[in-house]
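Peer 1: Sharing protein-v1.txt (compact mmCIF, C-alpha atoms) below.
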```
# COMPACT_ATOMS: atom_id res chain seq x y z
CA MET A 1 126.06 97.85 104.46
CA ARG A 2 125.07 96.34 107.81
CA TRP A 3 123.61 92.86 107.49
CA PHE A 4 120.57 91.64 109.32
CA ALA A 5 121.79 89.14 111.93
CA LEU A 6 119.46 86.36 110.74
CA MET A 7 120.59 85.60 107.19
CA VAL A 8 120.68 82.58 104.93
CA LEU A 9 124.01 81.13 103.73
CA LEU A 10 124.12 78.57 100.96
CA ALA A 11 127.46 76.82 100.61
CA GLY A 12 129.05 73.77 99.05
CA ALA A 13 126.84 73.68 95.97
CA SER A 14 126.66 70.43 94.04
CA ALA A 15 124.31 68.86 91.54
CA GLN A 16 122.32 67.19 94.34
CA GLY A 17 122.66 69.39 97.42
CA GLY A 18 124.76 71.51 99.73
CA ASN A 19 124.72 73.20 103.11
CA LEU A 20 122.05 75.69 104.12
CA ALA A 21 122.87 77.72 107.24
CA VAL A 22 119.87 79.63 108.64
CA GLY A 23 121.22 81.78 111.44
CA SER A 24 123.08 79.31 113.66
CA LYS A 25 121.26 76.26 112.27
CA VAL A 26 122.76 74.31 109.38
CA THR A 27 120.44 72.30 107.13
CA THR A 28 120.52 71.08 103.55
CA ALA A 29 120.18 73.09 100.35
CA LEU A 30 118.95 71.20 97.30
CA TYR A 31 119.97 71.72 93.70
CA PRO A 32 117.51 69.93 91.39
CA ALA A 33 119.54 68.58 88.49
CA SER A 34 117.04 69.86 85.93
CA ALA A 35 116.95 73.37 87.45
CA ARG A 36 120.57 73.85 88.61
CA VAL A 37 119.68 76.57 91.08
CA ALA A 38 119.66 76.51 94.89
CA TYR A 39 116.43 75.66 96.73
CA GLY A 40 115.94 76.17 100.46
CA GLN A 41 113.25 75.11 102.90
CA ALA A 42 110.52 77.74 102.69
CA ARG A 43 109.47 77.55 106.34
CA GLU A 44 113.06 77.81 107.65
CA ILE A 45 113.81 80.84 105.48
CA ALA A 46 110.60 82.59 106.55
CA ARG A 47 111.22 81.85 110.24
CA SER A 48 114.84 83.04 110.14
CA LEU A 49 114.09 86.28 108.30
CA GLY A 50 110.82 87.01 110.12
CA LEU A 51 108.76 86.77 106.93
CA GLY A 52 105.04 86.09 106.86
CA TYR A 53 104.32 82.48 105.87
CA GLN A 54 101.17 80.58 104.85
CA GLU A 55 100.49 77.25 103.15
CA LEU A 56 97.21 77.49 101.26
CA GLY A 57 96.29 74.29 99.44
CA ASP A 58 98.64 74.01 96.49
CA LEU A 59 100.22 77.42 97.17
CA VAL A 60 102.80 78.72 99.62
CA VAL A 61 102.73 82.47 100.32
CA LEU A 62 105.59 84.52 101.82
CA SER A 63 105.36 88.21 102.65
CA LEU A 64 107.51 91.10 103.79
CA GLY A 65 105.36 94.01 104.97
CA SER A 66 103.02 95.01 102.15
CA LYS A 67 104.95 92.84 99.65
CA ALA A 68 103.66 89.30 99.15
CA THR A 69 104.54 86.57 96.70
CA GLN A 70 103.22 83.09 96.13
CA PHE A 71 104.63 79.87 94.69
CA ARG A 72 102.50 77.10 93.27
CA ILE A 73 103.64 73.75 94.65
CA ALA A 74 104.91 71.36 91.97
CA ALA A 75 104.29 67.65 92.35
CA THR A 76 107.57 66.76 90.63
CA GLU A 77 111.07 68.20 90.53
CA PRO A 78 110.91 71.62 88.79
CA SER A 79 112.95 72.38 85.68
CA SER A 80 114.96 75.49 84.80
CA ASP A 81 111.93 77.18 83.16
CA GLN A 82 109.76 76.74 86.28
CA MET A 83 111.40 79.16 88.71
CA GLY A 84 107.99 80.31 89.92
CA LEU A 85 107.27 76.92 91.49
CA ALA A 86 107.83 75.54 94.94
CA TRP A 87 108.83 71.90 95.28
CA LYS A 88 107.54 69.40 97.81
CA ARG A 89 110.09 66.76 98.78
CA GLU A 90 109.86 64.34 101.71
CA GLY A 91 107.10 66.43 103.30
CA GLN A 92 109.07 69.72 103.13
CA LEU A 93 108.43 72.71 100.84
CA TRP A 94 111.42 74.10 98.97
CA ILE A 95 111.60 77.41 97.07
CA PRO A 96 114.25 78.89 94.74
CA ILE A 97 116.35 81.24 96.88
CA LYS A 98 117.26 83.71 94.14
CA THR A 99 113.62 84.02 93.04
CA ILE A 100 112.26 84.76 96.52
CA ALA A 101 115.06 87.30 97.03
CA ALA A 102 114.13 89.14 93.83
CA ARG A 103 110.39 89.14 94.54
CA LEU A 104 110.64 90.43 98.12
CA ASP A 105 113.60 92.74 97.46
CA LEU A 106 115.95 90.83 99.75
CA ASP A 107 119.71 91.32 99.66
CA TYR A 108 121.27 88.53 97.58
CA ARG A 109 124.88 87.92 96.62
CA VAL A 110 127.37 85.19 95.86
CA VAL A 111 130.69 85.25 97.72
CA GLY A 112 132.96 82.61 96.27
CA ALA A 113 131.01 79.36 96.52
CA VAL A 114 128.61 80.83 99.08
CA HIS A 115 125.15 82.16 98.24
CA VAL A 116 123.95 84.75 100.76
CA VAL A 117 120.47 86.25 101.13
CA GLY A 118 119.16 88.43 103.95
CA LEU A 119 116.98 91.40 104.77
CA LYS A 120 118.19 94.74 103.50
CA PRO A 121 118.61 96.94 106.58
CA ALA A 122 115.77 99.43 106.99
CA ARG A 123 115.62 102.87 108.60
CA LEU A 124 112.74 104.14 110.71
CA ILE A 125 112.03 107.62 109.34
CA SER A 126 109.17 108.81 111.54
CA VAL A 127 106.29 107.79 113.80
CA GLN A 128 102.97 109.58 113.34
CA GLN A 129 100.11 109.48 115.84
CA SER A 130 96.66 110.54 114.66
CA ARG A 131 92.96 110.24 115.36
CA ASN A 132 90.08 109.89 112.89
CA GLY A 133 86.79 109.91 114.76
CA SER A 134 87.03 107.15 117.37
CA ILE A 135 89.98 105.48 115.60
CA GLU A 136 93.43 106.07 117.15
CA ARG A 137 96.32 105.30 114.83
CA LEU A 138 100.11 104.98 115.10
CA THR A 139 101.98 104.90 111.78
CA PHE A 140 105.64 103.84 111.52
CA VAL A 141 107.24 105.11 108.28
CA PHE A 142 110.37 103.42 106.86
CA ASP A 143 112.61 103.72 103.82
CA ARG A 144 111.56 100.21 102.70
CA ASP A 145 109.03 97.49 103.52
CA VAL A 146 109.59 95.73 106.85
CA GLN A 147 107.92 92.99 108.88
CA ALA A 148 106.53 93.64 112.37
CA LYS A 149 105.14 91.41 115.12
CA PHE A 150 103.53 92.04 118.48
CA LEU A 151 105.75 90.85 121.33
CA ASP A 152 102.87 91.55 123.69
CA GLN A 153 100.08 94.15 123.86
CA GLU A 154 102.51 97.00 124.58
CA ARG A 155 105.64 96.05 122.60
CA LEU A 156 106.19 95.80 118.85
CA ALA A 157 109.15 94.14 117.09
CA LEU A 158 110.31 95.93 113.91
CA ILE A 159 112.38 93.26 112.20
CA GLY A 160 115.49 94.28 110.26
CA VAL A 161 115.28 97.98 111.25
CA PHE A 162 118.73 99.04 112.42
CA SER A 163 118.63 102.83 112.37
CA PHE A 164 116.15 105.55 113.17
CA GLY A 165 115.89 109.31 113.07
CA GLY A 166 114.24 111.63 115.56
CA VAL A 167 111.26 109.66 116.87
CA ASP A 168 108.82 111.52 119.11
CA GLY A 169 106.29 109.91 121.44
CA VAL A 170 107.51 106.31 121.05
CA ALA A 171 110.41 104.68 122.90
CA VAL A 172 112.56 102.43 120.69
CA SER A 173 115.53 100.26 121.62
CA GLN A 174 118.00 98.29 119.51
CA MET A 175 117.70 94.50 119.64
CA GLY A 176 119.40 91.65 117.81
CA TYR A 177 116.54 91.35 115.31
CA GLY A 178 116.02 95.12 114.78
CA LEU A 179 114.07 97.60 116.90
CA GLU A 180 111.66 97.12 119.76
CA ALA A 181 109.02 99.85 120.05
CA SER A 182 106.98 100.55 123.18
CA LEU A 183 103.44 101.45 122.17
CA PRO A 184 101.67 104.36 123.87
CA PRO A 185 98.61 103.34 125.93
CA SER A 186 96.24 104.92 123.42
CA VAL A 187 97.03 102.32 120.73
CA ALA A 188 98.46 99.42 122.76
CA GLY A 189 96.74 96.15 121.96
CA GLY A 190 95.49 97.45 118.63
CA ARG A 191 95.28 95.93 115.14
CA LEU A 192 98.35 95.72 112.90
CA TYR A 193 98.38 96.08 109.12
CA TYR A 194 100.82 97.07 106.40
CA LEU A 195 100.93 99.78 103.76
CA PRO A 196 103.85 100.34 101.35
CA ARG A 197 106.85 101.21 103.59
CA GLN A 198 104.57 101.60 106.60
CA VAL A 199 103.44 99.61 109.61
CA VAL A 200 100.15 100.84 111.06
CA ILE A 201 98.71 100.10 114.51
CA GLU A 202 95.18 101.28 115.20
CA ARG A 203 92.63 100.86 117.94
CA GLY A 204 88.98 101.73 118.26
CA THR A 205 85.78 101.20 116.32
CA ASN A 206 83.92 103.55 114.05
CA PRO A 207 80.24 103.81 115.01
CA ARG A 208 79.27 105.74 111.89
CA PRO A 209 77.39 103.97 109.07
CA ILE A 210 79.74 102.43 106.53
CA ARG A 211 78.88 102.68 102.82
CA ILE A 212 80.06 99.99 100.39
CA VAL A 213 79.43 100.43 96.66
CA ILE A 214 79.88 97.58 94.15
CA ASP A 215 80.00 98.68 90.52
CA ALA A 216 79.07 96.12 87.85
CA GLY A 217 81.03 97.28 84.81
CA HIS A 218 79.32 98.03 81.47
CA GLY A 219 75.59 97.29 81.00
CA GLY A 220 72.73 98.14 78.63
CA THR A 221 74.00 98.86 75.12
CA ASP A 222 77.58 98.51 76.35
CA THR A 223 78.16 94.74 76.46
CA GLY A 224 81.87 94.97 77.23
CA MET A 225 84.01 92.04 76.09
CA VAL A 226 82.43 88.86 74.71
CA VAL A 227 84.33 85.58 75.18
CA GLY A 228 82.89 82.20 74.27
CA GLY A 229 79.36 83.60 74.13
CA LEU A 230 79.65 85.17 77.61
CA GLN A 231 79.12 88.93 77.86
CA GLU A 232 81.15 90.96 80.30
CA LYS A 233 78.14 93.05 81.36
CA ASP A 234 76.23 89.89 82.44
CA LEU A 235 79.14 88.39 84.37
CA THR A 236 79.93 91.60 86.25
CA LEU A 237 76.27 92.08 87.24
CA SER A 238 76.04 88.49 88.46
CA LEU A 239 79.24 88.85 90.47
CA ALA A 240 78.28 92.26 91.92
CA SER A 241 74.91 90.90 93.08
CA ARG A 242 76.60 87.91 94.69
CA VAL A 243 79.17 90.10 96.48
CA SER A 244 76.31 92.26 97.83
CA GLU A 245 74.34 89.24 99.07
CA SER A 246 77.45 87.64 100.56
CA LEU A 247 78.27 90.85 102.45
CA LYS A 248 74.75 91.07 103.88
CA ARG A 249 74.81 87.43 104.96
CA LYS A 250 78.25 87.61 106.54
CA ILE A 251 77.46 90.86 108.39
CA ALA A 252 74.31 89.26 109.82
CA GLU A 253 76.46 86.38 111.12
CA ARG A 254 78.93 88.70 112.87
CA GLN A 255 78.89 89.53 116.55
CA VAL A 256 76.54 92.21 117.88
CA ALA A 257 79.11 95.00 117.90
CA VAL A 258 78.87 95.52 114.14
CA PRO A 259 78.49 99.06 112.77
CA LYS A 260 75.64 99.85 110.42
CA VAL A 261 76.63 99.04 106.84
CA ASP A 262 74.91 100.30 103.70
CA ILE A 263 75.60 98.18 100.59
CA GLU A 264 74.72 99.61 97.17
CA LEU A 265 75.04 98.54 93.53
CA THR A 266 75.59 101.08 90.75
CA ARG A 267 73.16 99.04 88.64
CA GLY A 268 70.74 96.31 89.66
CA GLY A 269 69.85 95.25 86.11
CA ASP A 270 70.90 95.50 82.48
CA ALA A 271 71.00 99.32 82.31
CA ASP A 272 73.23 101.99 80.82
CA VAL A 273 75.08 103.81 83.61
CA GLY A 274 77.49 106.60 82.69
CA LEU A 275 81.05 106.77 84.00
CA SER A 276 80.33 110.06 85.75
CA THR A 277 77.40 108.50 87.62
CA ARG A 278 79.54 105.55 88.68
CA ALA A 279 82.35 107.86 89.80
CA LEU A 280 79.99 110.00 91.88
CA ALA A 281 78.65 106.85 93.58
CA ALA A 282 82.18 106.31 94.95
CA THR A 283 82.46 109.76 96.49
CA PHE A 284 81.00 108.96 99.90
CA ALA A 285 81.79 105.24 99.93
CA LYS A 286 84.23 103.74 102.42
CA VAL A 287 84.84 100.95 99.89
CA PHE A 288 84.22 101.12 96.13
CA ILE A 289 84.98 98.19 93.81
CA SER A 290 84.41 98.36 90.05
CA LEU A 291 84.15 94.86 88.55
CA HIS A 292 85.30 94.02 85.00
CA ALA A 293 86.18 90.88 83.05
CA SER A 294 89.11 90.10 80.77
CA PRO A 295 90.38 87.04 78.87
CA GLY A 296 92.25 84.37 80.80
CA SER A 297 92.14 83.34 84.45
CA THR A 298 94.19 85.92 86.34
CA VAL A 299 92.90 88.74 88.53
CA VAL A 300 94.45 92.23 88.41
CA LEU A 301 93.53 94.87 91.01
CA TYR A 302 94.13 98.42 89.82
CA ARG A 303 94.24 101.45 92.08
CA GLN A 304 95.19 105.05 91.45
CA PRO A 305 98.24 106.40 93.28
CA ASP A 306 97.52 108.91 96.05
CA GLY A 307 97.42 112.36 94.51
CA ALA A 308 96.92 111.11 90.93
CA GLY A 309 93.52 112.31 89.79
CA LEU A 310 91.59 111.48 92.97
CA THR A 311 89.80 114.82 92.91
CA PHE A 312 87.51 114.46 95.92
CA PHE A 313 90.15 112.65 97.98
CA ASP A 314 92.89 115.21 97.30
CA LYS A 315 90.69 118.18 98.06
CA GLY A 316 89.40 116.52 101.20
CA GLN A 317 92.92 115.81 102.45
CA LYS A 318 93.91 119.46 101.92
CA LEU A 319 90.77 120.73 103.66
CA LEU A 320 91.28 118.45 106.67
CA ALA A 321 94.51 120.22 107.62
CA ASN A 322 92.77 123.60 108.01
CA THR A 323 89.19 122.72 108.97
CA PRO A 324 88.12 123.44 112.56
CA GLU A 325 85.68 121.35 114.60
CA PRO A 326 82.84 120.48 114.25
CA GLN A 327 83.16 120.72 110.44
CA ARG A 328 86.32 118.58 110.55
CA SER A 329 84.45 115.64 112.08
CA VAL A 330 81.87 115.82 109.29
CA LEU A 331 84.59 115.84 106.60
CA GLU A 332 86.31 112.83 108.21
CA LEU A 333 83.15 110.80 107.56
CA PHE A 334 83.97 110.77 103.86
CA VAL A 335 87.76 111.09 103.43
CA ALA A 336 89.97 108.08 104.16
CA GLU A 337 93.65 108.17 105.12
CA ARG A 338 96.24 107.84 102.38
CA GLY A 339 97.17 104.28 101.41
CA PHE A 340 93.64 102.98 102.08
CA SER A 341 93.28 101.52 98.56
CA ALA A 342 96.69 99.82 98.74
CA ARG A 343 95.63 98.16 101.98
CA LEU A 344 92.34 96.93 100.45
CA SER A 345 94.05 95.50 97.36
CA GLN A 346 96.56 93.66 99.58
CA GLN A 347 93.76 92.12 101.64
CA ILE A 348 91.87 91.01 98.52
CA MET A 349 95.06 89.42 97.15
CA THR A 350 95.60 87.53 100.41
CA ALA A 351 91.99 86.31 100.43
CA LEU A 352 92.23 85.18 96.78
CA ALA A 353 95.50 83.36 97.46
CA SER A 354 93.73 81.36 100.18
CA LYS A 355 91.48 79.99 97.40
CA ALA A 356 94.44 79.32 95.06
CA ILE A 357 93.47 82.26 92.80
CA VAL A 358 96.44 84.11 91.31
CA SER A 359 96.18 87.90 91.53
CA THR A 360 98.36 90.98 91.24
CA ALA A 361 97.95 94.60 92.38
CA LYS A 362 98.99 97.53 90.22
CA GLU A 363 98.83 101.30 90.16
CA GLY A 364 96.96 102.01 86.97
CA ALA A 365 96.42 105.03 84.79
CA SER A 366 93.89 107.69 85.72
CA TYR A 367 90.57 105.82 85.78
CA LYS A 368 87.56 108.11 85.63
CA VAL A 369 85.41 105.64 87.58
CA LEU A 370 87.85 105.99 90.51
CA SER A 371 88.48 109.72 90.20
CA GLN A 372 85.87 110.88 92.75
CA ALA A 373 86.53 108.23 95.39
CA GLY A 374 86.87 109.36 98.97
CA GLY A 375 87.65 105.93 100.46
CA ALA A 376 89.34 102.77 99.22
CA ALA A 377 88.71 102.37 95.48
CA ILE A 378 89.72 99.38 93.33
CA LEU A 379 89.08 98.44 89.69
CA ALA A 380 89.21 94.64 89.39
CA GLU A 381 89.88 92.91 86.05
CA ILE A 382 88.87 89.25 86.51
CA GLY A 383 89.62 86.51 84.01
CA PHE A 384 86.58 85.02 82.23
CA GLU A 385 87.72 81.57 83.33
CA ARG A 386 87.06 82.61 86.93
CA LEU A 387 83.51 83.70 86.10
CA ARG A 388 82.17 81.00 83.75
CA THR A 389 79.95 79.13 86.20
CA PRO A 390 77.66 80.22 89.07
CA GLU A 391 79.80 78.15 91.44
CA LEU A 392 82.97 80.00 90.45
CA ARG A 393 81.23 83.37 90.79
CA ALA A 394 79.90 82.38 94.23
CA LEU A 395 83.39 81.40 95.40
CA LEU A 396 84.85 84.67 94.14
CA ALA A 397 82.03 86.74 95.68
CA ASP A 398 82.47 85.15 99.11
CA THR A 399 86.23 85.68 98.96
CA VAL A 400 85.94 89.36 98.01
CA ALA A 401 83.29 89.90 100.69
CA ASP A 402 85.59 88.38 103.34
CA ALA A 403 88.42 90.71 102.28
CA ILE A 404 86.17 93.80 102.42
CA LEU A 405 84.98 92.94 105.92
CA GLU A 406 88.55 92.28 107.05
CA HIS A 407 89.56 95.64 105.59
CA LEU A 408 86.78 97.40 107.50
CA GLY A 409 87.64 95.62 110.74
CA ILE A 410 84.33 93.73 110.88
CA LYS A 411 85.63 90.51 112.35
CA ALA A 412 84.13 87.06 112.57
CA LYS A 413 83.89 85.46 116.01
CA GLU A 414 87.32 84.77 117.44
CA PRO A 415 88.32 81.13 118.11
CA ALA A 416 88.48 80.00 121.71
CA SER A 417 92.27 80.13 121.67
CA ARG A 418 94.81 81.94 119.51
CA PRO A 419 97.50 80.00 117.65
CA PRO A 420 101.07 80.32 118.90
CA GLY A 421 103.86 82.07 117.04
CA SER A 422 103.33 85.79 117.75
CA THR A 423 106.94 86.30 118.79
CA PRO A 424 109.69 86.61 116.15
```
Show how you would write the structure in this file as structure tokens.

Peer 2:
Amino acid sequence: MRWFALMVLLAGASAQGGNLAVGSKVTTALYPASARVAYGQAREIARSLGLGYQELGDLVVLSLGSKATQFRIAATEPSSDQMGLAWKREGQLWIPIKTIAARLDLDYRVVGAVHVVGLKPARLISVQQSRNGSIERLTFVFDRDVQAKFLDQERLALIGVFSFGGVDGVAVSQMGYGLEASLPPSVAGGRLYYLPRQVVIERGTNPRPIRIVIDAGHGGTDTGMVVGGLQEKDLTLSLASRVSESLKRKIAERQVAVPKVDIELTRGGDADVGLSTRALAATFAKVFISLHASPGSTVVLYRQPDGAGLTFFDKGQKLLANTPEPQRSVLELFVAERGFSARLSQQIMTALASKAIVSTAKEGASYKVLSQAGGAAILAEIGFERLRTPELRALLADTVADAILEHLGIKAKEPASRPPGSTP
């Protein structure tokens, strides 16, 4: 197996510390006595392996493509049963090396007294160029998740990618960090986002009206769960209404070049709404989120895998391949590309992490409420502890609204200058 050139070597382990070599730089590795495992500096590891890195209050988040993991920052030295914690020492954040390797599927091994972790080499399988209305898209497909960064408006770094098959339409060259891809003029300078095992670059805006549907779970005679005197149907309605109002307010604050957006609720009061009615409301929505509550404080975002019971979506995808213009353009109004829901759930997770809210994304069973969705469709199970007060619901609503707008490419005003660090 070929190793990625920028790897982490941990050597000379002792009860207090050892050597940490990140590429050509040698620093210190710490071994907390109560934990007895190797910790490395989070920022150095992320920089050397090209990982995404954010410090968000009492959390540190690292990502590799569509995979992301977060560590809560402990105020004191962590013990052996706290491997999910980061550790702040002398102003630096430290994370358990073996844990981050397992969570982001990094290559980890021990050779004698040396601990080694690095990126598993990836293969570029194909590059697909497509158009959906006014959106031009370039999709890089790999055999595993990878990280990518713009070198400039016309060049893209694919970090840790050391082999590729027959690639048409895009020039690639081997570099020390992986591959460098030259973007065609049609998508150069576009937006970058990740899907599972994919890096997507797209450019353009969609002038068509965008439909967002927020579904408040349960209602009427169906109270849902009851915890501590709070009814699920009341909490979901309150949250759905707040998400709707937050979206309207934030859209009004955006720059002028904002497409028309229609925001709908499946119920505006305490009413019985059948599952079939809710599912049909998702059919022509670009974004559909069904809100539910569950005991505890965690947030779980469920989506259905592509091709697993998404009736309208699957039929639409099959029709697109054989539908001539102008009927094809009409069908494209209502059928999203594959992986759209995975992208939305990732953006919601990132937004929640910025508010120190723990969340996970999962592919669930076949949910009827999602079965007719044509766009991105998510069923969110939110812990009652996150919904108990109006202030908590307002915070959650604003966070979800921000993620939806980010997903749709409806940006806030850009700062006067961009931060540095766009080059790996």

Peer 1: My list of candidates is A:Ala361, A:Leu395, A:Ala101, A:Leu49. Which is closest to Glu381 (chain A) when distances are computed with all atoms listed in the file?

Peer 2: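 Answer, going by the shortest atom-to-atom distance: A:Ala361.
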
Peer 1: So which residues touch Pro185 (chain A) within 10 Å, counting only C-alpha atoms, skipping near sequence neighbours fewer than 4 positions away, as a list of chain:residue names?

Peer 2: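 In the requested form, the answer reads A:Gln153, A:Glu154, A:Gly189, A:Gly190.
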
Peer 1: Select, from A:Arg386, A:Lys88, A:Lys368, A:Arg103, the residue with the minimum atom-to-atom distance to Ser276 (chain A), counting all atoms listed in the file.

Peer 2: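 Using all atoms listed in the file, Ser276 (chain A) sits closest to A:Lys368.
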
Peer 1: Just how far from CA of Arg123 (chain A) is CA of Gln174 (chain A), in Å to one decimal?

Peer 2: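 Between CA of Gln174 (chain A) and CA of Arg123 (chain A) the gap works out to 12.1 Å.
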
Peer 1: My list of candidates is A:Ile382, A:Val200, A:Leu183, A:Ala401. Which is closest to Ala351 (chain A) when distances are computed with all atoms listed in the file?

Peer 2: A:Ala401

Peer 1: In Å, with one decimal, what is the gap from CA of Ser163 (chain A) to CA of Ala122 (chain A)?

Peer 2: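 CA of Ser163 (chain A) sits 7.0 Å away from CA of Ala122 (chain A).
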
Peer 1: Any idea what the distance is between CA of Leu387 (chain A) and CA of Glu232 (chain A)?

Peer 2: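 If I compute the distance from CA of Leu387 (chain A) to CA of Glu232 (chain A), I get 9.6 Å.
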
Peer 1: Using all atoms listed in the file, determine which residues lie at most 10 Å from Ser359 (chain A), disregarding the query and same-chain residues fewer than 5 positions distant; provide the list as a PDB file with C-alpha atoms, in the frame of the given file.

Peer 2:
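File part.pdb, as written:
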```pdb
ATOM      1  CA  THR A  69     104.540  86.570  96.700  1.00  0.00           C
ATOM      2  CA  GLN A  70     103.220  83.090  96.130  1.00  0.00           C
ATOM      3  CA  SER A 297      92.140  83.340  84.450  1.00  0.00           C
ATOM      4  CA  THR A 298      94.190  85.920  86.340  1.00  0.00           C
ATOM      5  CA  VAL A 299      92.900  88.740  88.530  1.00  0.00           C
ATOM      6  CA  VAL A 300      94.450  92.230  88.410  1.00  0.00           C
ATOM      7  CA  LEU A 301      93.530  94.870  91.010  1.00  0.00           C
ATOM      8  CA  SER A 345      94.050  95.500  97.360  1.00  0.00           C
ATOM      9  CA  GLN A 346      96.560  93.660  99.580  1.00  0.00           C
ATOM     10  CA  ILE A 348      91.870  91.010  98.520  1.00  0.00           C
ATOM     11  CA  MET A 349      95.060  89.420  97.150  1.00  0.00           C
ATOM     12  CA  THR A 350      95.600  87.530 100.410  1.00  0.00           C
ATOM     13  CA  ALA A 351      91.990  86.310 100.430  1.00  0.00           C
ATOM     14  CA  LEU A 352      92.230  85.180  96.780  1.00  0.00           C
ATOM     15  CA  ALA A 353      95.500  83.360  97.460  1.00  0.00           C
ATOM     16  CA  ALA A 380      89.210  94.640  89.390  1.00  0.00           C
ATOM     17  CA  GLU A 381      89.880  92.910  86.050  1.00  0.00           C
ATOM     18  CA  ILE A 382      88.870  89.250  86.510  1.00  0.00           C
TER      19      ILE A 382
END
```

Peer 1: For each of A:Leu405, A:Leu195, A:Leu56, A:Ala216, take the minimum atom-to-atom distance to Leu275 (chain A), counting all atoms listed in the file, then give the residue where this is smallest.

Peer 2: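 Once distances to Leu275 (chain A) are computed over all atoms listed in the file, the minimum belongs to A:Ala216.
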
Peer 1: Restricting the calculation to only C-alpha atoms: of A:Val226, A:Leu370, A:Ala74, A:Ile357, which residue gets closest to Leu291 (chain A)?

Peer 2: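 Closest residue, counting only C-alpha atoms: A:Leu370.
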
Peer 1: Would you list the contacts of Ala240 (chain A) as a list of chain:residue names, taking every protein, DNA or RNA residue within 7 Å and counting all atoms listed in the file, but skipping same-chain residues closer than 2 positions in sequence?

Peer 2: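 Neighbouring residues, sequence-local ones excluded: A:Ile214, A:Asp215, A:Ala216, A:Thr236, A:Leu237, A:Ser238, A:Arg242, A:Val243, A:Ser244.
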
Peer 1: Residues near Ile263 (chain A), anyone? I mean within 9 Å using only C-alpha atoms, not counting same-chain ones fewer than 6 positions away, as a compact mmCIF listing (two decimals) with C-alpha atoms, in the coordinates of the input.

Peer 2:
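Okay, this is what ended up in out15.txt:
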```
# COMPACT_ATOMS: atom_id res chain seq x y z
CA ILE A 210 79.74 102.43 106.53
CA ARG A 211 78.88 102.68 102.82
CA ILE A 212 80.06 99.99 100.39
CA VAL A 213 79.43 100.43 96.66
CA ILE A 214 79.88 97.58 94.15
CA SER A 244 76.31 92.26 97.83
CA LEU A 247 78.27 90.85 102.45
CA LYS A 248 74.75 91.07 103.88
```

Peer 1: Give me, as JSON, numbers by chain, all polymer residues having an atom no more than 10 Å from Asp270 (chain A), counting only C-alpha atoms and skipping those fewer than 5 positions away in the same chain.

Peer 2: {"A": [216, 218, 219, 220, 221, 222, 223, 233, 234, 237]}

Peer 1: Which polymer residues, protein or nucleic acid, are no farther than 9 Å from (76.8, 102.1, 90.1), counting all atoms listed in the file, as an mmCIF file with C-alpha atoms, in the coordinates of the input?

Peer 2:
```cif
data_model
loop_
_atom_site.group_PDB
_atom_site.id
_atom_site.type_symbol
_atom_site.label_atom_id
_atom_site.label_comp_id
_atom_site.auth_asym_id
_atom_site.auth_seq_id
_atom_site.Cartn_x
_atom_site.Cartn_y
_atom_site.Cartn_z
ATOM 1 C CA VAL A 213 79.430 100.430 96.660
ATOM 2 C CA ILE A 214 79.880 97.580 94.150
ATOM 3 C CA ASP A 215 80.000 98.680 90.520
ATOM 4 C CA ALA A 216 79.070 96.120 87.850
ATOM 5 C CA GLY A 217 81.030 97.280 84.810
ATOM 6 C CA GLU A 264 74.720 99.610 97.170
ATOM 7 C CA LEU A 265 75.040 98.540 93.530
ATOM 8 C CA THR A 266 75.590 101.080 90.750
ATOM 9 C CA ARG A 267 73.160 99.040 88.640
ATOM 10 C CA GLY A 268 70.740 96.310 89.660
ATOM 11 C CA VAL A 273 75.080 103.810 83.610
ATOM 12 C CA GLY A 274 77.490 106.600 82.690
ATOM 13 C CA LEU A 275 81.050 106.770 84.000
ATOM 14 C CA THR A 277 77.400 108.500 87.620
ATOM 15 C CA ARG A 278 79.540 105.550 88.680
ATOM 16 C CA ALA A 279 82.350 107.860 89.800
ATOM 17 C CA LEU A 280 79.990 110.000 91.880
ATOM 18 C CA ALA A 281 78.650 106.850 93.580
ATOM 19 C CA ALA A 282 82.180 106.310 94.950
ATOM 20 C CA SER A 290 84.410 98.360 90.050
#
```

Peer 1: With all atoms listed in the file as the atoms that count, which of A:Leu104, A:Leu239, A:Val170, A:Leu85 lies nearest to Glu391 (chain A)?

Peer 2: A:Leu239
